[in-house]
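In what follows, a single structure is set out as structure tokens and then discussed.
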Amino acid sequence: MNSTQKIALVTGGSRGLGRNSAIALSRKGMDVIITYHSRKEEAEKVVKEIENNGRKAAALQLDTGDVSSFDAFVSQLAGVLNEKWNREQFDILVNNAGFGIHASVAETTEEQFDSLMNVHFKGVFFLSQKLFPRIADNGRVVNISTGLTRFVIEGFGAYAAMKGAIEILTKYMAKEWGKRGIRVNVVAPGAIATDFGGGAVRDNDEMRDFIGSHTALGRVGEADDIGGVIASLCTDEMGWVNAQRLEASGGQSL
Ligand SMILES: NC(=O)c1ccc[n+]([C@@H]2O[C@H](COP(=O)([O-])OP(=O)(O)OC[C@H]3O[C@@H](n4cnc5c(N)ncnc54)[C@H](OP(=O)(O)O)[C@@H]3O)[C@@H](O)[C@H]2O)c1
């Protein structure tokens, strides 16, 4: 990567895997801009924690499912980059923001489908497109998929199909953006105990036991199992890894 001080942008950095990734990136010496959707206070706590790690940070509001807001977001981002870093570009994009809906293929409504589509596929596609000129040459993009593209747990058909689309998109971004030295990879976490899906993996003992018994390492994942993976992929040591799907699931459903 070009400039000395790296800046990462993590969508959905107020909670869960995005929060954990943002903090892990700061521990690796990167400054971090996070976005939040509704939880400004949580986002401000993450900013404080990153600053306590000795790095600069900022939080911006963004609905990653609302493509019509992206131009205004990019302008806001440009303002923050200029004010806080005296730069026009950043180095690392982590497309993380998202939510889960549990519904069988037979029962998924068009409204549920569209909300998932807007955040998990259309939003990632067009946000990345709009941010492309703002990502420095030799930068990194990490997209977030799910183990559910490899194995099947009933009730995630629409969600997993859109994450599958992200895995294909990752390869196209890597091929096209490699001309500028930008590496694009996709991390596929297994079931992780966060607020995701109403906190089911964290709070539902039956589900925890089920997943633990189908995982080689014998338990569900925690956010701490993921942030470091994402941050590591953004280091120079991992610079020859490109266009890859890296599953971090403790060996779920082998
Ligand atoms: N947890 C798992 O088991 C698991 C497994 C595989 C993949 N994933 C993927 O990992 C990513 C993060 O999940 P998580 O477990 O960290 O979930 P989480 O704890 O529920 O956190 C979700 C984050 O996304 C943000 N967000 C939600 N909807 C948004 C929207 N429309 N626009 C912008 N931001 C939005 C939230 O912002 P606010 O806090 O401001 O609302 C929050 O920061 C998602 O892409 C998910 O699909 C999760």
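Chain labels A, B, ... are given in the sequence in which chains occur in the structure tokens; within each chain residues are numbered consecutively from 1, and ligands are likewise numbered from 1 in the order shown.
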Counting only C-alpha atoms, what is within 12 Å of Phe70 in chain A, bar same-chain residues fewer than 2 positions away, as a VMD selection string? chain A and resid 61 to 68 72 to 77 122 to 131
Excluding Leu81 in chain A and any residue of its chain fewer than 4 positions from it, enumerate the residues within 12 Å of it, using only C-alpha atoms, and give them as a list in words.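 So the residues in contact are Lys6, Ile7, Ala8, Leu9, Asp31, Val32, Ile33, Lys56, Ala57, Ala58, Ala59, Leu60, Val74, Ser75, Gln76, Leu77, Trp85, Asn86, Arg87, Glu88, Gln89, Phe90, Asp91, Arg134 and Ile135 of chain A.
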DSSP strand (DSSP E or B) residues within range 17-157 of chain A, listed as an MDAnalysis selection string: chainID A and resid 31:36 57:61 90:95 135:144
All alpha helix (DSSP H) positions in range 122-172 of chain A, as a list in words: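 Selection result, alpha helix (DSSP H) within range 122-172 of chain A: Gly123, Val124, Phe125, Phe126, Leu127, Ser128, Gln129, Lys130, Leu131, Gly157, Ala158, Tyr159, Ala160, Ala161, Met162, Lys163, Gly164, Ala165, Ile166, Glu167, Ile168, Leu169, Thr170, Lys171 and Tyr172 of chain A.
Taking only C-alpha atoms, the non-local environment of range 196-198 of chain A within 7 Å (same-chain residues fewer than 2 positions away omitted) comprises Phe99, Gly100, Ile101, Thr194 and Ala200 of chain A.
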Taking only residues of chain A that have an atom at most 6 Å from an atom of ligand 1, what is each one's shortest atom pair and its distance in Å to one decimal, using only C-alpha atoms and all ligand atoms, in chain and number order, as CSV?
residue,atom,partner,partner_atom_place_in_ligand_line,distance
A:Gly12,CA,ligand 1,43 (O),3.3
A:Gly13,CA,ligand 1,43 (O),4.7
A:Ser14,CA,ligand 1,43 (O),4.1
A:Arg15,CA,ligand 1,43 (O),4.4
A:Gly16,CA,ligand 1,16 (O),3.4
A:Leu17,CA,ligand 1,16 (O),3.7
A:Gly18,CA,ligand 1,16 (O),5.5
A:Tyr36,CA,ligand 1,40 (O),3.8
A:His37,CA,ligand 1,40 (O),3.4
A:Ser38,CA,ligand 1,40 (O),3.7
A:Arg39,CA,ligand 1,40 (O),3.8
A:Leu62,CA,ligand 1,33 (C),5.3
A:Asp63,CA,ligand 1,32 (N),3.4
A:Thr64,CA,ligand 1,32 (N),3.9
A:Gly65,CA,ligand 1,31 (N),4.9
A:Asn96,CA,ligand 1,45 (O),4.6
A:Ala97,CA,ligand 1,24 (O),3.7
A:Gly98,CA,ligand 1,45 (O),3.9
A:Phe99,CA,ligand 1,27 (C),5.3
A:Val119,CA,ligand 1,31 (N),5.6
A:Ile144,CA,ligand 1,45 (O),5.6
A:Ser145,CA,ligand 1,7 (C),5.5
A:Thr146,CA,ligand 1,6 (C),4.0
A:Pro189,CA,ligand 1,6 (C),4.3
A:Gly190,CA,ligand 1,5 (C),5.1
A:Ala191,CA,ligand 1,3 (O),3.7
A:Ile192,CA,ligand 1,3 (O),3.7
A:Ala193,CA,ligand 1,1 (N),5.8
A:Thr194,CA,ligand 1,19 (O),4.6
A:Asp195,CA,ligand 1,19 (O),4.1
A:Phe196,CA,ligand 1,20 (O),3.7
Write out as a PyMOL selection string the residues lying within 9 Å of Ser104 in chain A, counting only C-alpha atoms and excluding same-chain residues fewer than 6 positions away. chain A and resi 154-158
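Ranking A:Glu237, A:Glu206, A:Glu83, A:Glu51 by their shortest atom-to-atom distance to Val220 in chain A, with only C-alpha atoms included, puts A:Glu206 first.
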For Ala161 in chain A, which of A:Val187, A:Met173, A:Glu222, A:Leu116 is the closest residue, counting only C-alpha atoms? A:Leu116
Per residue of range 140-239 of chain A within 8 Å of range 24-30 of chain A, record the nearest atom pair and its distance in Å to one decimal, counting only C-alpha atoms, with rows in chain order and ascending residue number, as JSON lines.
{"residue": "A:Gly227", "atom": "CA", "partner": "A:Ala24", "partner_atom": "CA", "distance": 5.6}
{"residue": "A:Gly228", "atom": "CA", "partner": "A:Ala24", "partner_atom": "CA", "distance": 5.5}
{"residue": "A:Ala231", "atom": "CA", "partner": "A:Leu25", "partner_atom": "CA", "distance": 4.9}
Can you work out the spacing between CA of Thr170 in chain A and CA of Arg202 in chain A in Å, to one decimal? 28.8 Å
Nearest residue to His214 in chain A out of A:Glu110, A:Val184, A:Leu254, A:Leu246, using only C-alpha atoms? A:Leu254
Would you pick out the contacts of range 148-151 of chain A at 7 Å or less, using only C-alpha atoms, so that residues sharing its chain but fewer than 6 positions from it are not included, and give the list as a tab-separated table (two decimals) with all heavy atoms, in the first residue's frame?
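This went into around-v5.tsv:
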chain	number	residue	atom	x	y	z
A	160	ALA	N	-28.38	-16.37	2.04
A	160	ALA	CA	-27.18	-17.07	1.59
A	160	ALA	C	-26.97	-16.89	0.08
A	160	ALA	O	-25.83	-16.79	-0.39
A	160	ALA	CB	-27.26	-18.55	1.95
A	163	LYS	N	-25.29	-13.64	-0.38
A	163	LYS	CA	-23.88	-13.73	0.01
A	163	LYS	C	-23.09	-14.50	-1.07
A	163	LYS	O	-21.93	-14.18	-1.34
A	163	LYS	CB	-23.74	-14.43	1.36
A	163	LYS	CG	-24.25	-13.61	2.54
A	163	LYS	CD	-23.46	-12.33	2.76
A	163	LYS	CE	-23.61	-11.80	4.19
A	163	LYS	NZ	-22.91	-10.51	4.37
A	164	GLY	N	-23.75	-15.47	-1.69
A	164	GLY	CA	-23.11	-16.18	-2.80
A	164	GLY	C	-22.78	-15.21	-3.93
A	164	GLY	O	-21.71	-15.28	-4.54
A	253	SER	N	-19.71	-27.80	9.92
A	253	SER	CA	-20.38	-28.65	8.92
A	253	SER	C	-19.41	-29.21	7.89
A	253	SER	O	-19.58	-29.02	6.68
A	253	SER	CB	-21.49	-27.86	8.21
A	253	SER	OG	-22.46	-27.48	9.14
Considering only C-alpha atoms, can you say which of A:Asp209, A:Ile23, A:His102, A:Ser69 comes closest to Asn52 in chain A?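 The closest residue to Asn52 in chain A is A:Ile23.
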